[in-house]
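Here is structure_31.cif, consisting of mmCIF, C-alpha atoms:
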data_my_file
#
loop_
_atom_site.group_PDB
_atom_site.id
_atom_site.type_symbol
_atom_site.label_atom_id
_atom_site.label_comp_id
_atom_site.auth_asym_id
_atom_site.auth_seq_id
_atom_site.Cartn_x
_atom_site.Cartn_y
_atom_site.Cartn_z
ATOM 1 C CA MET X 26 163.206 105.359 -119.289
ATOM 2 C CA ASP X 27 164.874 105.494 -115.854
ATOM 3 C CA GLU X 28 164.377 103.034 -112.981
ATOM 4 C CA GLY X 29 162.134 105.407 -111.022
ATOM 5 C CA ARG X 30 159.741 105.880 -113.915
ATOM 6 C CA SER X 31 159.596 102.130 -114.627
ATOM 7 C CA ALA X 32 158.517 101.502 -111.017
ATOM 8 C CA MET X 33 155.540 103.820 -111.250
ATOM 9 C CA GLU X 34 151.964 102.569 -111.487
ATOM 10 C CA TYR X 35 149.248 104.765 -112.985
ATOM 11 C CA ARG X 36 145.611 104.622 -111.934
ATOM 12 C CA GLU X 37 142.390 106.261 -113.096
ATOM 13 C CA LEU X 38 141.188 109.014 -110.763
ATOM 14 C CA GLY X 39 137.622 107.802 -110.429
ATOM 15 C CA SER X 40 135.094 108.852 -113.042
ATOM 16 C CA SER X 41 137.367 111.721 -114.140
ATOM 17 C CA ARG X 42 139.438 109.025 -115.899
ATOM 18 C CA LEU X 43 142.549 111.161 -115.390
ATOM 19 C CA ARG X 44 145.545 108.808 -115.280
ATOM 20 C CA VAL X 45 147.621 109.703 -112.258
ATOM 21 C CA SER X 46 150.713 108.193 -110.708
ATOM 22 C CA CYS X 47 149.946 106.160 -107.585
ATOM 23 C CA LEU X 48 152.509 108.322 -105.786
ATOM 24 C CA GLY X 49 151.967 112.067 -105.922
ATOM 25 C CA ILE X 50 153.740 114.962 -104.286
ATOM 26 C CA GLY X 51 152.167 117.236 -101.688
ATOM 27 C CA LEU X 52 153.509 120.769 -101.818
ATOM 28 C CA ALA X 53 152.686 122.245 -98.421
ATOM 29 C CA GLU X 54 156.246 121.659 -97.215
ATOM 30 C CA ILE X 55 157.985 123.596 -99.958
ATOM 31 C CA GLY X 56 155.429 126.389 -99.624
ATOM 32 C CA PHE X 57 155.901 126.835 -95.899
ATOM 33 C CA THR X 58 159.653 126.190 -95.611
ATOM 34 C CA LEU X 59 161.114 127.829 -98.722
ATOM 35 C CA SER X 60 161.303 131.478 -99.715
ATOM 36 C CA GLU X 61 160.955 132.935 -103.198
ATOM 37 C CA SER X 62 164.750 133.284 -103.287
ATOM 38 C CA GLN X 63 164.916 129.475 -102.967
ATOM 39 C CA ALA X 64 162.911 128.795 -106.120
ATOM 40 C CA ASP X 65 165.837 126.810 -107.541
ATOM 41 C CA GLU X 66 165.543 124.367 -104.622
ATOM 42 C CA ALA X 67 161.817 124.005 -105.232
ATOM 43 C CA GLY X 68 162.524 123.446 -108.910
ATOM 44 C CA ARG X 69 164.918 120.607 -108.146
ATOM 45 C CA VAL X 70 162.245 118.878 -106.071
ATOM 46 C CA LEU X 71 159.479 119.311 -108.628
ATOM 47 C CA ASN X 72 161.597 118.379 -111.621
ATOM 48 C CA ALA X 73 162.914 115.311 -109.785
ATOM 49 C CA ALA X 74 159.315 114.259 -109.171
ATOM 50 C CA LEU X 75 158.299 114.727 -112.807
ATOM 51 C CA ASP X 76 161.444 113.039 -114.105
ATOM 52 C CA SER X 77 160.776 110.049 -111.814
ATOM 53 C CA GLY X 78 157.284 109.481 -113.195
ATOM 54 C CA ILE X 79 155.219 111.384 -110.618
ATOM 55 C CA ASN X 80 152.558 113.292 -112.520
ATOM 56 C CA PHE X 81 150.264 114.425 -109.686
ATOM 57 C CA LEU X 82 151.002 117.710 -107.899
ATOM 58 C CA ASP X 83 148.795 118.762 -104.983
ATOM 59 C CA THR X 84 148.900 122.236 -103.461
ATOM 60 C CA ALA X 85 146.565 124.847 -101.955
ATOM 61 C CA GLY X 86 146.018 128.575 -101.985
ATOM 62 C CA CYS X 87 146.876 128.759 -98.279
ATOM 63 C CA TYR X 88 150.185 126.875 -98.520
ATOM 64 C CA SER X 89 152.127 130.135 -98.347
ATOM 65 C CA ILE X 90 154.139 130.494 -101.608
ATOM 66 C CA SER X 91 153.647 126.935 -102.864
ATOM 67 C CA GLU X 92 151.566 128.011 -105.861
ATOM 68 C CA GLU X 93 154.055 130.743 -106.820
ATOM 69 C CA LEU X 94 156.885 128.224 -106.737
ATOM 70 C CA ILE X 95 154.982 125.909 -109.084
ATOM 71 C CA GLY X 96 154.461 128.788 -111.491
ATOM 72 C CA GLN X 97 158.112 129.829 -111.343
ATOM 73 C CA THR X 98 159.629 126.384 -111.773
ATOM 74 C CA VAL X 99 157.493 123.920 -113.752
ATOM 75 C CA SER X 100 154.808 125.932 -115.550
ATOM 76 C CA SER X 101 156.760 125.262 -118.759
ATOM 77 C CA ARG X 102 156.058 121.533 -118.222
ATOM 78 C CA ARG X 103 152.335 122.054 -117.601
ATOM 79 C CA ASP X 104 151.251 119.349 -120.075
ATOM 80 C CA GLU X 105 153.283 116.716 -118.165
ATOM 81 C CA PHE X 106 151.353 116.745 -114.885
ATOM 82 C CA ILE X 107 147.924 116.701 -113.294
ATOM 83 C CA LEU X 108 147.602 119.857 -111.188
ATOM 84 C CA ALA X 109 145.386 119.960 -108.115
ATOM 85 C CA SER X 110 144.851 122.846 -105.722
ATOM 86 C CA LYS X 111 142.446 123.801 -102.934
ATOM 87 C CA THR X 112 140.294 126.821 -102.280
ATOM 88 C CA GLY X 113 138.018 128.526 -99.785
ATOM 89 C CA HIS X 114 140.204 130.256 -97.212
ATOM 90 C CA MET X 115 140.727 134.026 -97.051
ATOM 91 C CA SER X 116 144.468 133.682 -97.646
ATOM 92 C CA HIS X 117 144.058 135.528 -100.933
ATOM 93 C CA GLY X 118 142.935 138.709 -99.147
ATOM 94 C CA CYS X 119 139.208 138.446 -99.715
ATOM 95 C CA ARG X 120 137.149 140.104 -97.008
ATOM 96 C CA GLY X 121 134.250 138.377 -95.321
ATOM 97 C CA ASP X 122 133.305 134.721 -95.081
ATOM 98 C CA SER X 123 136.094 132.382 -96.157
ATOM 99 C CA TRP X 124 133.545 130.054 -97.744
ATOM 100 C CA SER X 125 131.368 132.599 -99.519
ATOM 101 C CA TYR X 126 130.646 132.237 -103.219
ATOM 102 C CA GLU X 127 132.719 135.362 -103.980
ATOM 103 C CA CYS X 128 135.736 134.316 -101.941
ATOM 104 C CA VAL X 129 135.882 130.821 -103.395
ATOM 105 C CA LEU X 130 135.884 132.149 -106.956
ATOM 106 C CA ALA X 131 138.402 134.889 -106.139
ATOM 107 C CA SER X 132 140.674 132.306 -104.533
ATOM 108 C CA ILE X 133 140.552 130.075 -107.622
ATOM 109 C CA GLU X 134 141.332 132.955 -109.974
ATOM 110 C CA ARG X 135 144.243 134.023 -107.777
ATOM 111 C CA SER X 136 145.613 130.472 -107.717
ATOM 112 C CA LEU X 137 145.647 130.307 -111.508
ATOM 113 C CA ARG X 138 147.583 133.569 -111.725
ATOM 114 C CA ARG X 139 150.094 132.368 -109.161
ATOM 115 C CA MET X 140 150.655 129.051 -110.946
ATOM 116 C CA ARG X 141 150.810 130.699 -114.389
ATOM 117 C CA THR X 142 148.123 128.516 -115.919
ATOM 118 C CA ASP X 143 144.622 129.067 -117.268
ATOM 119 C CA HIS X 144 143.151 126.025 -115.510
ATOM 120 C CA VAL X 145 143.780 123.312 -112.966
ATOM 121 C CA ASP X 146 142.779 119.708 -113.430
ATOM 122 C CA LEU X 147 141.249 119.497 -109.964
ATOM 123 C CA MET X 148 140.074 122.197 -107.549
ATOM 124 C CA GLN X 149 139.053 121.082 -104.068
ATOM 125 C CA LEU X 150 137.219 122.739 -101.208
ATOM 126 C CA HIS X 151 139.784 122.825 -98.444
ATOM 127 C CA SER X 152 138.601 121.142 -95.251
ATOM 128 C CA CYS X 153 135.518 123.246 -94.622
ATOM 129 C CA GLU X 154 133.081 121.983 -92.013
ATOM 130 C CA LEU X 155 129.881 120.091 -92.728
ATOM 131 C CA ASP X 156 127.662 123.155 -92.261
ATOM 132 C CA VAL X 157 129.557 124.963 -95.038
ATOM 133 C CA LEU X 158 128.987 122.062 -97.409
ATOM 134 C CA GLU X 159 125.297 121.912 -96.541
ATOM 135 C CA ARG X 160 124.856 125.660 -97.029
ATOM 136 C CA GLY X 161 125.936 125.204 -100.655
ATOM 137 C CA ASP X 162 127.555 128.536 -101.592
ATOM 138 C CA ALA X 163 131.070 127.091 -101.785
ATOM 139 C CA ILE X 164 129.911 124.123 -103.848
ATOM 140 C CA ARG X 165 128.030 126.423 -106.226
ATOM 141 C CA ALA X 166 131.170 128.547 -106.721
ATOM 142 C CA LEU X 167 133.195 125.409 -107.450
ATOM 143 C CA GLU X 168 130.637 124.233 -110.009
ATOM 144 C CA ASP X 169 130.619 127.658 -111.695
ATOM 145 C CA ALA X 170 134.421 127.600 -111.845
ATOM 146 C CA ARG X 171 134.177 124.290 -113.669
ATOM 147 C CA ALA X 172 131.566 125.720 -116.064
ATOM 148 C CA LYS X 173 133.967 128.593 -116.834
ATOM 149 C CA GLY X 174 136.810 126.172 -117.606
ATOM 150 C CA LEU X 175 138.902 127.220 -114.602
ATOM 151 C CA THR X 176 138.998 123.616 -113.382
ATOM 152 C CA ARG X 177 138.279 120.350 -115.143
ATOM 153 C CA PHE X 178 137.062 118.481 -112.053
ATOM 154 C CA VAL X 179 135.985 119.340 -108.524
ATOM 155 C CA GLY X 180 136.738 117.748 -105.188
ATOM 156 C CA TYR X 181 136.589 117.994 -101.431
ATOM 157 C CA SER X 182 139.524 117.596 -99.052
ATOM 158 C CA GLY X 183 138.612 116.792 -95.462
ATOM 159 C CA ASP X 184 137.870 114.200 -92.835
ATOM 160 C CA ASN X 185 135.287 112.537 -90.594
ATOM 161 C CA GLU X 186 131.580 113.415 -91.003
ATOM 162 C CA ALA X 187 132.186 116.151 -93.578
ATOM 163 C CA VAL X 188 134.140 113.938 -95.985
ATOM 164 C CA VAL X 189 131.557 111.157 -95.764
ATOM 165 C CA TRP X 190 128.829 113.685 -96.590
ATOM 166 C CA ALA X 191 130.884 114.999 -99.514
ATOM 167 C CA ALA X 192 131.472 111.499 -100.889
ATOM 168 C CA LYS X 193 127.787 110.635 -100.767
ATOM 169 C CA SER X 194 126.515 114.004 -102.019
ATOM 170 C CA GLY X 195 127.017 113.488 -105.748
ATOM 171 C CA PHE X 196 128.609 116.938 -106.130
ATOM 172 C CA PHE X 197 132.257 115.894 -106.280
ATOM 173 C CA ASP X 198 134.500 113.920 -108.634
ATOM 174 C CA VAL X 199 137.363 113.381 -106.201
ATOM 175 C CA ILE X 200 137.816 113.076 -102.438
ATOM 176 C CA GLN X 201 140.988 113.722 -100.447
ATOM 177 C CA THR X 202 141.285 112.448 -96.886
ATOM 178 C CA SER X 203 143.751 111.363 -94.199
ATOM 179 C CA PHE X 204 144.544 107.663 -94.518
ATOM 180 C CA ASN X 205 147.492 105.714 -93.173
ATOM 181 C CA VAL X 206 148.331 102.788 -90.906
ATOM 182 C CA THR X 207 147.616 104.865 -87.747
ATOM 183 C CA ASP X 208 144.657 106.786 -89.203
ATOM 184 C CA GLN X 209 142.240 104.253 -90.697
ATOM 185 C CA GLY X 210 138.928 105.948 -89.952
ATOM 186 C CA ALA X 211 138.169 106.105 -93.675
ATOM 187 C CA ARG X 212 137.691 102.325 -93.645
ATOM 188 C CA ARG X 213 134.547 102.654 -91.516
ATOM 189 C CA GLU X 214 132.334 104.310 -94.124
ATOM 190 C CA LEU X 215 134.236 106.480 -96.582
ATOM 191 C CA LEU X 216 135.964 103.798 -98.663
ATOM 192 C CA GLY X 217 132.645 102.131 -99.378
ATOM 193 C CA ALA X 218 131.084 105.427 -100.468
ATOM 194 C CA VAL X 219 134.061 106.191 -102.720
ATOM 195 C CA GLU X 220 133.737 102.833 -104.447
ATOM 196 C CA GLU X 221 129.969 103.120 -104.823
ATOM 197 C CA LYS X 222 130.160 106.607 -106.375
ATOM 198 C CA ASP X 223 133.229 105.835 -108.551
ATOM 199 C CA LEU X 224 135.199 108.681 -106.979
ATOM 200 C CA GLY X 225 138.901 109.260 -107.170
ATOM 201 C CA LEU X 226 140.530 109.069 -103.735
ATOM 202 C CA ILE X 227 143.650 110.999 -102.739
ATOM 203 C CA ALA X 228 145.280 109.789 -99.521
ATOM 204 C CA LYS X 229 146.978 112.592 -97.613
ATOM 205 C CA ARG X 230 149.545 111.821 -94.882
ATOM 206 C CA PRO X 231 150.005 108.268 -96.226
ATOM 207 C CA ILE X 232 153.216 107.686 -94.279
ATOM 208 C CA ALA X 233 151.857 109.205 -91.020
ATOM 209 C CA ASN X 234 154.623 111.802 -90.890
ATOM 210 C CA GLY X 235 157.189 108.993 -90.843
ATOM 211 C CA VAL X 236 156.359 107.926 -87.275
ATOM 212 C CA TRP X 237 155.883 104.195 -87.914
ATOM 213 C CA GLY X 238 158.561 102.222 -86.069
ATOM 214 C CA ARG X 239 160.022 105.262 -84.311
ATOM 215 C CA GLU X 240 160.988 105.121 -80.645
ATOM 216 C CA THR X 241 160.965 108.869 -79.981
ATOM 217 C CA ASP X 242 158.199 111.416 -80.521
ATOM 218 C CA PRO X 243 158.982 113.582 -83.580
ATOM 219 C CA ASP X 244 156.806 116.343 -82.128
ATOM 220 C CA PRO X 245 157.468 116.274 -78.345
ATOM 221 C CA TYR X 246 155.706 119.584 -77.746
ATOM 222 C CA GLY X 247 152.499 118.351 -79.353
ATOM 223 C CA ASN X 248 152.168 121.224 -81.820
ATOM 224 C CA GLY X 249 150.983 119.027 -84.691
ATOM 225 C CA TYR X 250 149.326 115.743 -85.634
ATOM 226 C CA ALA X 251 152.615 113.785 -85.684
ATOM 227 C CA SER X 252 152.570 113.376 -81.916
ATOM 228 C CA GLU X 253 149.152 111.706 -82.014
ATOM 229 C CA TYR X 254 150.247 109.443 -84.860
ATOM 230 C CA PHE X 255 153.305 108.521 -82.781
ATOM 231 C CA ARG X 256 151.124 107.663 -79.766
ATOM 232 C CA ARG X 257 148.896 105.485 -81.908
ATOM 233 C CA GLN X 258 151.754 103.569 -83.520
ATOM 234 C CA LEU X 259 153.236 102.774 -80.127
ATOM 235 C CA ALA X 260 149.920 101.266 -79.096
ATOM 236 C CA MET X 261 149.472 99.364 -82.366
ATOM 237 C CA ARG X 262 152.973 97.912 -82.479
ATOM 238 C CA GLY X 263 152.937 96.884 -78.829
ATOM 239 C CA ASP X 264 156.151 95.020 -78.048
ATOM 240 C CA GLY X 265 157.378 94.823 -81.614
ATOM 241 C CA SER X 266 156.626 94.610 -85.309
ATOM 242 C CA LEU X 267 153.346 93.438 -86.771
ATOM 243 C CA PRO X 268 153.292 90.067 -88.543
ATOM 244 C CA ALA X 269 155.034 90.181 -91.957
ATOM 245 C CA GLU X 270 155.870 93.865 -91.499
ATOM 246 C CA PRO X 271 158.484 95.121 -94.001
ATOM 247 C CA ASP X 272 161.818 96.107 -92.471
ATOM 248 C CA ASP X 273 161.664 99.577 -94.023
ATOM 249 C CA PRO X 274 159.089 101.598 -92.036
ATOM 250 C CA ILE X 275 158.400 103.990 -94.910
ATOM 251 C CA LEU X 276 157.762 101.036 -97.221
ATOM 252 C CA ALA X 277 155.450 99.535 -94.588
ATOM 253 C CA SER X 278 153.513 102.785 -94.242
ATOM 254 C CA LEU X 279 153.253 103.631 -97.925
ATOM 255 C CA GLY X 280 152.563 100.016 -98.855
ATOM 256 C CA PHE X 281 149.725 99.809 -96.337
ATOM 257 C CA THR X 282 147.991 102.857 -97.817
ATOM 258 C CA LEU X 283 148.401 101.783 -101.432
ATOM 259 C CA ALA X 284 147.218 98.240 -100.639
ATOM 260 C CA HIS X 285 143.664 99.604 -100.581
ATOM 261 C CA GLY X 286 142.207 99.550 -104.083
ATOM 262 C CA GLU X 287 139.969 102.540 -103.361
ATOM 263 C CA VAL X 288 143.061 104.760 -103.035
ATOM 264 C CA THR X 289 144.064 106.249 -106.368
ATOM 265 C CA VAL X 290 147.077 108.314 -105.323
ATOM 266 C CA ALA X 291 149.029 108.823 -102.110
ATOM 267 C CA ILE X 292 150.662 112.235 -101.743
ATOM 268 C CA VAL X 293 153.952 112.579 -99.869
ATOM 269 C CA GLY X 294 155.625 115.935 -99.310
ATOM 270 C CA SER X 295 159.332 116.671 -99.346
ATOM 271 C CA ARG X 296 161.793 119.461 -100.072
ATOM 272 C CA ASN X 297 164.574 116.975 -100.805
ATOM 273 C CA PRO X 298 164.923 115.584 -104.359
ATOM 274 C CA GLU X 299 166.671 112.457 -103.047
ATOM 275 C CA HIS X 300 163.758 111.699 -100.745
ATOM 276 C CA VAL X 301 161.407 111.994 -103.719
ATOM 277 C CA ARG X 302 163.510 109.560 -105.748
ATOM 278 C CA SER X 303 163.844 107.109 -102.863
ATOM 279 C CA ASN X 304 160.072 107.112 -102.325
ATOM 280 C CA VAL X 305 159.556 106.288 -105.999
ATOM 281 C CA ALA X 306 162.150 103.506 -105.772
ATOM 282 C CA LEU X 307 160.192 101.943 -102.892
ATOM 283 C CA LEU X 308 157.351 101.228 -105.305
ATOM 284 C CA GLU X 309 159.436 98.401 -106.758
ATOM 285 C CA ALA X 310 158.992 96.505 -103.470
ATOM 286 C CA LEU X 311 155.174 96.666 -103.522
ATOM 287 C CA PRO X 312 152.819 95.145 -102.691
ATOM 288 C CA VAL X 313 153.447 94.628 -98.998
ATOM 289 C CA PRO X 314 152.248 91.283 -97.568
ATOM 290 C CA ASP X 315 148.509 90.879 -97.043
ATOM 291 C CA GLU X 316 149.272 89.474 -93.603
ATOM 292 C CA PHE X 317 150.762 92.815 -92.548
ATOM 293 C CA VAL X 318 147.810 94.800 -93.887
ATOM 294 C CA GLU X 319 145.322 92.508 -92.161
ATOM 295 C CA ALA X 320 147.247 92.708 -88.881
ATOM 296 C CA ALA X 321 147.250 96.512 -89.084
ATOM 297 C CA HIS X 322 143.493 96.457 -89.671
ATOM 298 C CA SER X 323 142.989 94.195 -86.677
ATOM 299 C CA ARG X 324 145.151 96.292 -84.333
ATOM 300 C CA PHE X 325 143.432 99.517 -85.385
ATOM 301 C CA ASP X 326 139.967 98.037 -85.016
ATOM 302 C CA GLU X 327 140.840 96.753 -81.555
ATOM 303 C CA LEU X 328 142.549 99.878 -80.225
ATOM 304 C CA GLY X 329 141.178 102.724 -82.308
ATOM 305 C CA VAL X 330 137.441 102.593 -81.717
ATOM 306 C CA ASP X 331 137.534 106.255 -80.654
ATOM 307 C CA TRP X 332 140.357 107.361 -82.966
ATOM 308 C CA ARG X 333 138.976 109.958 -85.364
ATOM 309 C CA GLN X 334 140.691 111.072 -88.535
ATOM 310 C CA LEU X 335 143.137 113.872 -87.816
ATOM 311 C CA THR X 336 142.250 117.030 -89.711
#

Would you mind giving the structure from this file in structure tokens?
Amino acid sequence: MDEGRSAMEYRELGSSRLRVSCLGIGLAEIGFTLSESQADEAGRVLNAALDSGINFLDTAGCYSISEELIGQTVSSRRDEFILASKTGHMSHGCRGDSWSYECVLASIERSLRRMRTDHVDLMQLHSCELDVLERGDAIRALEDARAKGLTRFVGYSGDNEAVVWAAKSGFFDVIQTSFNVTDQGARRELLGAVEEKDLGLIAKRPIANGVWGRETDPDPYGNGYASEYFRRQLAMRGDGSLPAEPDDPILASLGFTLAHGEVTVAIVGSRNPEHVRSNVALLEALPVPDEFVEAAHSRFDELGVDWRQLT
């Protein structure tokens, strides 16, 4: 067993009891930045993740060719990983309402074909608004997909009022939401609901796009959420580091997220196999000091009263 695999911790994904690595890999980046002719590059990333002990892969039907790249590169290792995807958008060519019963089912069936599998372990509604959840068609389609064996468990990926509703609704096994040192809105109500309902919790953006400790804005034109995360970390850090903050900013960020027992798995995206391995190696330095986590809580609570989760 290699060093990366020995560093990995495995946790139960809520009441599903699926055992997942505490570090997963998010596959939006390879879907949006690679072409089908670069499948070998995608394969190196995914195989490096699996070989390092990561067994949780998270993708979505709207992440360009991400699902195709999974099917082309690691479908032969299907029994080695927990596969999660997301559904609901019209990216699969369905006409009409993105969140209709018909479109949700068609999206799921298309995802399975693309990934060359007959089922996923987790299918999630992908960031639909609260009114879509309350209407119920998308949830009903997800439940029927589970009844047909297309997915073992069902989840919701989203933020703010919608994710709190989803967590409390009793319909879902797993919740995915934004949670990191600069985006702690989930602490206000969601984490308590997750614990009460015995839900698995997937933390997306756990390292806040790598902005912690940076002095320059990684997104100066403000085209994405990284610029807001950067603004928040400047405010939180003030004139310097937080008490007991680890020297490595990625370790500080990832360690903060995983310090919360409600979080089952944190998903980090990359198209670089070495980055994947280095992230796994960081797990050997966990946990981060409680003093740092508590200081980050205090700074966020003081400064972020109006900071909503970024969708």

* If the PyMOL selection byres ((chain X and resi 216) around 12) is run on the structure shown, which residues does it catch, given as a PyMOL selection string? -> chain X and resi 185+188-189+192-193+200-204+209-215+217-228+285-289

* Asked: Care to translate the PyMOL selection byres ((chain X and resi 71) around 10) into actual residues of this file, as a VMD selection string?
  -> chain X and resid 50 52 55 65 to 70 72 to 77 79 to 80 82 94 to 95 98 to 99 295 to 298 301

* Translate the PyMOL selection byres ((chain X and resi 139) around 10), as applied to the file shown, into an explicit residue set as a ChimeraX atom specification. => /X:86,90-97,133-138,140-142

How would the residues just picked look written out with C-alpha atoms as a PDB file, keeping the file's coordinate frame?
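The result, written out as selection09.pdb:
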ATOM      1  CA  GLY X  86     146.018 128.575-101.985  1.00  0.00           C
ATOM      2  CA  ILE X  90     154.139 130.494-101.608  1.00  0.00           C
ATOM      3  CA  SER X  91     153.647 126.935-102.864  1.00  0.00           C
ATOM      4  CA  GLU X  92     151.566 128.011-105.861  1.00  0.00           C
ATOM      5  CA  GLU X  93     154.055 130.743-106.820  1.00  0.00           C
ATOM      6  CA  LEU X  94     156.885 128.224-106.737  1.00  0.00           C
ATOM      7  CA  ILE X  95     154.982 125.909-109.084  1.00  0.00           C
ATOM      8  CA  GLY X  96     154.461 128.788-111.491  1.00  0.00           C
ATOM      9  CA  GLN X  97     158.112 129.829-111.343  1.00  0.00           C
ATOM     10  CA  ILE X 133     140.552 130.075-107.622  1.00  0.00           C
ATOM     11  CA  GLU X 134     141.332 132.955-109.974  1.00  0.00           C
ATOM     12  CA  ARG X 135     144.243 134.023-107.777  1.00  0.00           C
ATOM     13  CA  SER X 136     145.613 130.472-107.717  1.00  0.00           C
ATOM     14  CA  LEU X 137     145.647 130.307-111.508  1.00  0.00           C
ATOM     15  CA  ARG X 138     147.583 133.569-111.725  1.00  0.00           C
ATOM     16  CA  MET X 140     150.655 129.051-110.946  1.00  0.00           C
ATOM     17  CA  ARG X 141     150.810 130.699-114.389  1.00  0.00           C
ATOM     18  CA  THR X 142     148.123 128.516-115.919  1.00  0.00           C
TER      19      THR X 142
END

* What is the distance, in Å and to one decimal place, between CA of Asp242 (chain X) and CA of Cys153 (chain X)? ->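 Computed distance, CA of Asp242 (chain X) to CA of Cys153 (chain X), equals 29.2 Å.
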
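Among X:Ala284, X:Leu43, X:Leu48, X:Val318, the residue with the shortest atom-to-atom distance to Ala306 (chain X), counting only C-alpha atoms, is X:Leu48.
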
* **Residue contacts of region 170-176 of chain X (6 Å, only C-alpha atoms) excluding same-chain residues fewer than 4 positions away, as a list in words** => His144, Val145, Asp146 and Leu147 of chain X

* To do: Could you give me, as a PyMOL selection string, the residues that sit within 10 Å of (137.7, 112.4, -114.7) in the file's coordinates, counting all atoms listed in the file?
  => chain X and resi 37-44+146-147+177-179+198-199+224-225

If you keep C-alpha atoms, can you produce a file of those selected residues as a PDB file, keeping the file's coordinate frame?
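Result written to part31.pdb:
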ATOM      1  CA  GLU X  37     142.390 106.261-113.096  1.00  0.00           C
ATOM      2  CA  LEU X  38     141.188 109.014-110.763  1.00  0.00           C
ATOM      3  CA  GLY X  39     137.622 107.802-110.429  1.00  0.00           C
ATOM      4  CA  SER X  40     135.094 108.852-113.042  1.00  0.00           C
ATOM      5  CA  SER X  41     137.367 111.721-114.140  1.00  0.00           C
ATOM      6  CA  ARG X  42     139.438 109.025-115.899  1.00  0.00           C
ATOM      7  CA  LEU X  43     142.549 111.161-115.390  1.00  0.00           C
ATOM      8  CA  ARG X  44     145.545 108.808-115.280  1.00  0.00           C
ATOM      9  CA  ASP X 146     142.779 119.708-113.430  1.00  0.00           C
ATOM     10  CA  LEU X 147     141.249 119.497-109.964  1.00  0.00           C
ATOM     11  CA  ARG X 177     138.279 120.350-115.143  1.00  0.00           C
ATOM     12  CA  PHE X 178     137.062 118.481-112.053  1.00  0.00           C
ATOM     13  CA  VAL X 179     135.985 119.340-108.524  1.00  0.00           C
ATOM     14  CA  ASP X 198     134.500 113.920-108.634  1.00  0.00           C
ATOM     15  CA  VAL X 199     137.363 113.381-106.201  1.00  0.00           C
ATOM     16  CA  LEU X 224     135.199 108.681-106.979  1.00  0.00           C
ATOM     17  CA  GLY X 225     138.901 109.260-107.170  1.00  0.00           C
TER      18      GLY X 225
END

* When you draw a straight line from CA of Tyr250 (chain X) to CA of Ile275 (chain X), how long is it in Å? -> 17.5 Å

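Around Leu307 (chain X), within 10 Å and counting all atoms listed in the file, the residues found are Gly29, Ala32, Met33, Asp273, Ile275, Leu276, Ala277, Leu279, Gly280 and Arg302 of chain X, once anything fewer than 5 positions away on its own chain is removed.
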
Provide an axis-aligned box for all listed atoms of region 93-105 of chain X, padding each side by 5 Å; report its centre and its edge lengths in Å to one decimal, as AutoDock Vina command-line options.
--center_x 155.4 --center_y 123.7 --center_z -113.4 --size_x 18.4 --size_y 24.0 --size_z 23.3

Close residues, Pro231 (chain X) itself excluded, 9 Å, only C-alpha atoms, min 6 positions apart in chain, as a PDB file with C-alpha atoms, in the frame of the given file:
ATOM      1  CA  SER X 203     143.751 111.363 -94.199  1.00  0.00           C
ATOM      2  CA  PHE X 204     144.544 107.663 -94.518  1.00  0.00           C
ATOM      3  CA  ASN X 205     147.492 105.714 -93.173  1.00  0.00           C
ATOM      4  CA  VAL X 206     148.331 102.788 -90.906  1.00  0.00           C
ATOM      5  CA  ASP X 208     144.657 106.786 -89.203  1.00  0.00           C
ATOM      6  CA  SER X 278     153.513 102.785 -94.242  1.00  0.00           C
ATOM      7  CA  LEU X 279     153.253 103.631 -97.925  1.00  0.00           C
ATOM      8  CA  PHE X 281     149.725  99.809 -96.337  1.00  0.00           C
ATOM      9  CA  THR X 282     147.991 102.857 -97.817  1.00  0.00           C
ATOM     10  CA  LEU X 283     148.401 101.783-101.432  1.00  0.00           C
ATOM     11  CA  ALA X 291     149.029 108.823-102.110  1.00  0.00           C
ATOM     12  CA  ILE X 292     150.662 112.235-101.743  1.00  0.00           C
ATOM     13  CA  VAL X 293     153.952 112.579 -99.869  1.00  0.00           C
TER      14      VAL X 293
END

* Atomic separation - CA of Ser101 (chain X) relative to CA of Asn304 (chain X), Å -> 24.7 Å

* Nearest candidate to Gly263 (chain X) (options X:Leu150, X:Ala53, X:Leu328, X:Ala191; using only C-alpha atoms) -> X:Leu328

* Which residue, X:Ser132, X:Gln149, X:Ser123, X:Ser89, has the smallest gap to Lys111 (chain X) when you use only C-alpha atoms? ->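 Closest residue, counting only C-alpha atoms: X:Gln149.
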